[in-house]
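To start, the structure itself, in structure tokens.
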Amino acid sequence: MGLWTLLLQLHLVFGVSLTPPSDVSISSFNMEHTLNFLPGPGTPSDTHFTVQIVNDRKNLWRPVVGCLELTAGQMCNLTRVFTDPYTRYKARVQAFTTTQTSSWTESGGFQPMSDTVLGPLDVSVSGCGNCLILQLKPPATKGLQCNLQLENLYKAVILHVRRTRDGAQFRLNLPYSEEKVIMYLQPGVEYCVSISVTALFNSNHVASKPHCAFTSHPPSRSSLYLLVGLLGFFCILGFLITGLVVNGGQRSFTILRQHLSTSLSYTSTSSRSEELDWANWF
């Protein structure tokens, strides 16, 4: 009986008796890297978890400061320890209590440059007559290291342009820069632009929400009403002038005809008087 008790105590102290963590994975968004995991089935509530990482250049596991005594549901931030975006990393998690430990559970391989998801840029859009000006900059992150890595990572931007009036759309693929101009658009028309960014070795990207702007200020309703009113006024004025011209022409023709009739009547009367005078003379 004493031997079995001793063996049991040795198993509790040195044995692997906790269920290992599961679903160990690394997620990354805009070069901010996070380790996620789940406690194994039946894990006691007082269990803690410790994290280690390794890279393919130095095959030596090392603990992650700040992730040595995690509790269930906590995540481990790996952004500062994944210093080289071109290196491939792995992480592993172990559960432990004061008397027990589990085996290690490893994540899959992860390379920051190719595996991070490139989120939407910070975008502002303004009109410039028959064009749109886009101001682009990397999204705000929690550290200077992430900002520098993002700026060095961006290679191109994909612009999805849609005309609000009728839904006509087109796509542009341009080199990345902080300012872009979309030319040859219709003046006074609203367009919406969705933007995503790509990298040389990374095709994981999320497009921004549509950002809309007019190429130039559209005419206000009062201006439209004024324009319609002026157009109606000039139409009526044109009709009146045309009517006056036609009516005046008809009156002039009537007066001219009356004048010609009077002249012809006078000429006829004069001729007859002369004939009578000549007859009386003889």
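Ligands are numbered from 1 in the order shown, residues from 1 within each chain, and chains are lettered A, B, ... in the order they appear in the structure tokens.
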TODO: Based on DSSP run over this structure's backbone, return all residues of range 34-247 of chain A in alpha helix (DSSP H), as a ChimeraX atom specification.
DONE: /A:112-115,144-153,221-247
Open item on the list: So that I can check the surroundings of Asp115 in chain A, please list as JSON, numbers by chain every protein, DNA and RNA residue that reaches within 12 Å of it, counting only C-alpha atoms and ignoring chain neighbours fewer than 3 positions away.
Closed with: {"A": [26, 27, 28, 29, 30, 31, 32, 33, 85, 86, 87, 88, 89, 108, 109, 110, 111, 112, 118, 199, 201, 202, 203, 204, 205]}
TODO: Can you work out which one of A:Ser177, A:Ser114, A:Asn130, A:Thr105 has the shortest atom-to-atom distance to Asn36 in chain A, counting only C-alpha atoms?
DONE: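 Using only C-alpha atoms, the shortest distance to Asn36 in chain A belongs to A:Thr105.
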Write out as a short mmCIF file (atom, residue, chain, number, x, y, z; two decimals) with N, CA, C and O atoms, in the first residue's frame the residues lying within 12 Å of Pro187 in chain A, counting only C-alpha atoms and excluding same-chain residues fewer than 6 positions away.
```
data_model
loop_
_atom_site.label_atom_id
_atom_site.label_comp_id
_atom_site.auth_asym_id
_atom_site.auth_seq_id
_atom_site.Cartn_x
_atom_site.Cartn_y
_atom_site.Cartn_z
N GLY A 127 -13.48 66.31 -54.05
CA GLY A 127 -13.62 66.55 -55.48
C GLY A 127 -12.65 67.60 -55.99
O GLY A 127 -12.18 68.46 -55.24
N CYS A 128 -12.36 67.53 -57.29
CA CYS A 128 -11.46 68.52 -57.91
C CYS A 128 -11.92 68.84 -59.32
O CYS A 128 -11.13 68.88 -60.26
N GLY A 129 -13.23 69.04 -59.50
CA GLY A 129 -13.77 69.40 -60.81
C GLY A 129 -14.28 68.18 -61.54
O GLY A 129 -15.43 67.78 -61.38
N ASN A 130 -13.42 67.58 -62.35
CA ASN A 130 -13.77 66.33 -63.05
C ASN A 130 -12.94 65.17 -62.53
O ASN A 130 -12.64 64.22 -63.26
N CYS A 131 -12.55 65.22 -61.25
CA CYS A 131 -11.70 64.19 -60.67
C CYS A 131 -11.95 64.09 -59.17
O CYS A 131 -12.67 64.91 -58.59
N LEU A 132 -11.36 63.07 -58.55
CA LEU A 132 -11.40 62.88 -57.10
C LEU A 132 -9.98 62.75 -56.57
O LEU A 132 -9.13 62.09 -57.17
N ARG A 163 -20.27 55.00 -59.62
CA ARG A 163 -21.06 56.23 -59.78
C ARG A 163 -22.42 56.02 -59.12
O ARG A 163 -23.14 55.07 -59.47
N ALA A 213 -18.04 61.15 -52.51
CA ALA A 213 -17.86 62.60 -52.65
C ALA A 213 -18.29 63.00 -54.06
O ALA A 213 -18.29 62.19 -54.99
N PHE A 214 -18.67 64.29 -54.21
CA PHE A 214 -18.98 64.85 -55.52
C PHE A 214 -17.69 65.36 -56.16
O PHE A 214 -16.82 65.91 -55.47
N THR A 215 -17.57 65.20 -57.47
CA THR A 215 -16.40 65.72 -58.17
C THR A 215 -16.34 67.24 -58.07
O THR A 215 -15.26 67.82 -57.99
N SER A 216 -17.50 67.88 -58.11
CA SER A 216 -17.61 69.32 -57.88
C SER A 216 -18.96 69.56 -57.24
O SER A 216 -19.82 68.68 -57.23
N HIS A 217 -19.15 70.76 -56.69
CA HIS A 217 -20.40 71.04 -55.97
C HIS A 217 -21.58 70.98 -56.93
O HIS A 217 -21.60 71.70 -57.94
N PRO A 218 -22.56 70.14 -56.66
CA PRO A 218 -23.75 70.10 -57.53
C PRO A 218 -24.58 71.36 -57.35
O PRO A 218 -24.54 72.00 -56.29
N PRO A 219 -25.35 71.77 -58.37
CA PRO A 219 -26.21 72.96 -58.23
C PRO A 219 -27.26 72.74 -57.16
O PRO A 219 -27.83 71.66 -57.03
#
```
TODO: Would you list the contacts of Leu60 in chain A as a ChimeraX atom specification, taking every protein, DNA or RNA residue within 12 Å and counting only C-alpha atoms, but skipping same-chain residues closer than 4 positions in sequence?
DONE: /A:52-56,89-91
Those residues you just picked out, can you put them in a file as an mmCIF file, in the first residue's frame with N, CA, C and O atoms?
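Contents of out23.cif, as written:
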```cif
data_model
loop_
_atom_site.group_PDB
_atom_site.id
_atom_site.type_symbol
_atom_site.label_atom_id
_atom_site.label_comp_id
_atom_site.auth_asym_id
_atom_site.auth_seq_id
_atom_site.Cartn_x
_atom_site.Cartn_y
_atom_site.Cartn_z
ATOM 1 N N GLN A 52 5.396 29.664 -25.218
ATOM 2 C CA GLN A 52 6.764 29.746 -25.729
ATOM 3 C C GLN A 52 6.720 29.877 -27.249
ATOM 4 O O GLN A 52 5.745 29.464 -27.895
ATOM 5 N N ILE A 53 7.784 30.466 -27.810
ATOM 6 C CA ILE A 53 7.872 30.610 -29.266
ATOM 7 C C ILE A 53 9.215 30.092 -29.752
ATOM 8 O O ILE A 53 10.183 29.979 -28.984
ATOM 9 N N VAL A 54 9.271 29.809 -31.053
ATOM 10 C CA VAL A 54 10.501 29.396 -31.711
ATOM 11 C C VAL A 54 10.447 29.913 -33.143
ATOM 12 O O VAL A 54 9.358 30.132 -33.685
ATOM 13 N N ASN A 55 11.606 30.153 -33.763
ATOM 14 C CA ASN A 55 11.632 30.529 -35.173
ATOM 15 C C ASN A 55 12.555 29.589 -35.932
ATOM 16 O O ASN A 55 13.316 28.825 -35.340
ATOM 17 N N ASP A 56 12.464 29.659 -37.267
ATOM 18 C CA ASP A 56 13.209 28.705 -38.080
ATOM 19 C C ASP A 56 14.694 29.036 -38.186
ATOM 20 O O ASP A 56 15.457 28.272 -38.772
ATOM 21 N N TYR A 89 7.604 31.624 -37.653
ATOM 22 C CA TYR A 89 7.531 31.357 -36.217
ATOM 23 C C TYR A 89 6.535 30.248 -35.923
ATOM 24 O O TYR A 89 5.643 29.946 -36.723
ATOM 25 N N LYS A 90 6.689 29.679 -34.726
ATOM 26 C CA LYS A 90 5.693 28.789 -34.130
ATOM 27 C C LYS A 90 5.528 29.158 -32.671
ATOM 28 O O LYS A 90 6.441 29.735 -32.053
ATOM 29 N N ALA A 91 4.369 28.824 -32.115
ATOM 30 C CA ALA A 91 4.124 29.029 -30.684
ATOM 31 C C ALA A 91 3.565 27.734 -30.107
ATOM 32 O O ALA A 91 2.995 26.903 -30.829
#
```
Task: Using only C-alpha atoms: which of A:Ile133, A:Arg92, A:Ile236, A:Ala207 has the shortest distance to Leu185 in chain A - done: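 Residue with the minimum atom-to-atom distance to Leu185 in chain A: A:Ile133.
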TODO: Mind giving me the straight-line distance from CA of Val51 in chain A to CA of Asn77 in chain A in Å, one decimal?
DONE: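 Between CA of Val51 in chain A and CA of Asn77 in chain A the gap works out to 10.4 Å.
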- [ ] Just the residues within 6 Å of Leu35 in chain A, please, counting only C-alpha atoms, with nothing from its chain fewer than 5 positions along; format it as a PyMOL selection string.
- [x] chain A and resi 25-26+75-76
Saved selection, atoms kept: N, CA, C and O atoms, as a CSV table (one decimal), in the first residue's frame:
```csv
chain,number,residue,atom,x,y,z
A,25,SER,N,-3.7,28.7,-32.2
A,25,SER,CA,-3.5,29.3,-33.5
A,25,SER,C,-3.1,30.7,-33.3
A,25,SER,O,-3.3,31.4,-32.3
A,26,ILE,N,-2.4,31.3,-34.4
A,26,ILE,CA,-1.9,32.7,-34.4
A,26,ILE,C,-2.8,33.4,-35.4
A,26,ILE,O,-2.9,33.0,-36.6
A,75,MET,N,-5.7,36.0,-24.1
A,75,MET,CA,-4.9,35.8,-25.4
A,75,MET,C,-3.5,36.3,-25.1
A,75,MET,O,-3.3,37.1,-24.2
A,76,CYS,N,-2.6,35.9,-25.9
A,76,CYS,CA,-1.2,36.3,-25.8
A,76,CYS,C,-0.8,37.2,-27.0
A,76,CYS,O,-0.9,36.7,-28.1
```
TODO: Please provide as a list in words all residues within 8 Å of Pro210 in chain A, with the sequence filter that same-chain residues fewer than 3 positions apart are discarded (counting only C-alpha atoms).
DONE: Cys192, Val193, Ser194 and Ile195 of chain A
Task: Proximity to Val161 in chain A - best of A:Gln135, A:Ser107, A:Ser45, A:Ser196, only C-alpha atoms - done: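 Smallest distance to Val161 in chain A is found for A:Ser196.
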Open item on the list: Between CA of Ala168 in chain A and CA of Lys180 in chain A, what is the distance in Å, rounded to a tenth?
Closed with: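 Those two atoms sit 20.5 Å apart.
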Open item on the list: So that I can check the secondary structure, give me every residue of range 25-272 of chain A assigned strand (DSSP E or B) by backbone DSSP, as JSON, numbers by chain.
Closed with: {"A": [25, 26, 27, 28, 29, 32, 33, 34, 35, 36, 37, 38, 48, 49, 50, 51, 52, 53, 54, 55, 62, 63, 70, 76, 77, 89, 90, 91, 92, 93, 94, 95, 96, 101, 105, 106, 110, 117, 118, 122, 123, 124, 125, 126, 127, 132, 133, 134, 135, 136, 137, 154, 155, 156, 157, 158, 159, 160, 161, 162, 163, 169, 170, 171, 172, 173, 174, 175, 179, 180, 181, 182, 190, 191, 192, 193, 194, 195, 196, 197, 198, 199, 202, 205, 211, 212, 213, 214]}
